[in-house]
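**Q** Following this message is one structure expressed as structure tokens.
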Amino acid sequence: MWNERYASDEYIYGTEPNSFLLQNAKALSGPVLSIAEGEGRNAVFLASLGLEVTGVDGSEVGLAKAQNLAKAKGVKISTVVSDLATFEPAPECYSSVISIFAHLPSDLRKVLYPRLERSLRPGGIVLLESYSEAQLARATGGPKDVDMLMSKAKIEKEFSNYEILLLKECEREVNEGSFHSGLASVVQFIGRRKASL
């Protein structure tokens with residue numbers, strides 16, 4: 001499905017970074033892992049700040065566009081084509097992990113999130129923005145499955161080994177290409193991995 005969606009020349013989520021990431025990029029240090037990176041807009045932005053970035057996604061078509069975008073912007077990023085259900089990042093390899101609109105079923109989150117946690121160095125940062133459960137009633141983007149949408153309670157449960165630096169549900173205008181456009185209900189989270197797991 002994602003290869004088909006990314007097959008057009010258009011960058012369907014745009015080429016500019018997610019605004020929550022843009023506002024909080026100073027909290028991140030490299031190397032950075034970006035899950036469900038897609039067409040590369042967030043990885044390329046972070047690389048433009050001088051950070052070492054790896055984007056992982058199941059779509060080779062999306063990641064090829066990511067590399068093209070990086071080349072056009074004069075930066076380098078690493079990309080890994082992998083199903084997130086089987087993706088195994090190396091332990092304590094990353095200083096930051098970002099998850100921008102990576103909507104995953106709860107069964108997959110239970111497997112992936114602990115792996116991401118182990119991939120972070122002690123004190124490492126995770127930054128996440130997702131559509132919230134309230135987004136289900138809106139037609140401005142996101143999956144139509146409440147299990148794949150997030151809430152503060154889900155974040156607190158699934159990221160319980162983190163010090164919460166920011167956690168809120170809010171409404172904001174999202175203007176990120178043709179698939180994310182308009183007033184949206186989102187969850188925003190920044191957490192710091194505790195020193196011991």
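Every chain in the structure tokens has a letter given in the order shown (A, B, ...), and although residue numbers restart at 1 in each chain, ligands are simply numbered from 1 in the order shown.
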Can you tell me which residues surround region 110-119 of chain A at a distance of at most 7 Å, considering only C-alpha atoms, apart from same-chain residues fewer than 2 positions away, and format the answer as a count of residues only?
**A** 13
**Q** Which residues of region 98-157 of chain A come within 8 Å of region 10-29 of chain A, and for each one, what is the closest pair of atoms and their distance in Å to one decimal, counting only C-alpha atoms, sorted by chain and residue number, as a Markdown table?
**A**
| residue | atom | partner | partner_atom | distance |
| --- | --- | --- | --- | --- |
| A:Ile100 | CA | A:Asn18 | CA | 7.4 |
| A:Ile125 | CA | A:Leu28 | CA | 6.6 |
| A:Leu127 | CA | A:Leu21 | CA | 7.7 |
| A:Glu129 | CA | A:Phe20 | CA | 7.3 |
**Q** Going by DSSP on the backbone, which bits of region 127-183 of chain A are alpha helix (DSSP H)? Write them as a list in words, please.
**A**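 Selection result, alpha helix (DSSP H) within region 127-183 of chain A: Lys152, Ala153, Lys154, Ile155, Glu156, Lys157 and Glu158 of chain A.
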**Q** Can you work out which one of A:Arg109, A:Asn42, A:Glu60, A:Ala70 has the shortest atom-to-atom distance to Lys157 (chain A), counting only C-alpha atoms?
**A**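 The shortest atom-to-atom distance to Lys157 (chain A) comes from A:Arg109.
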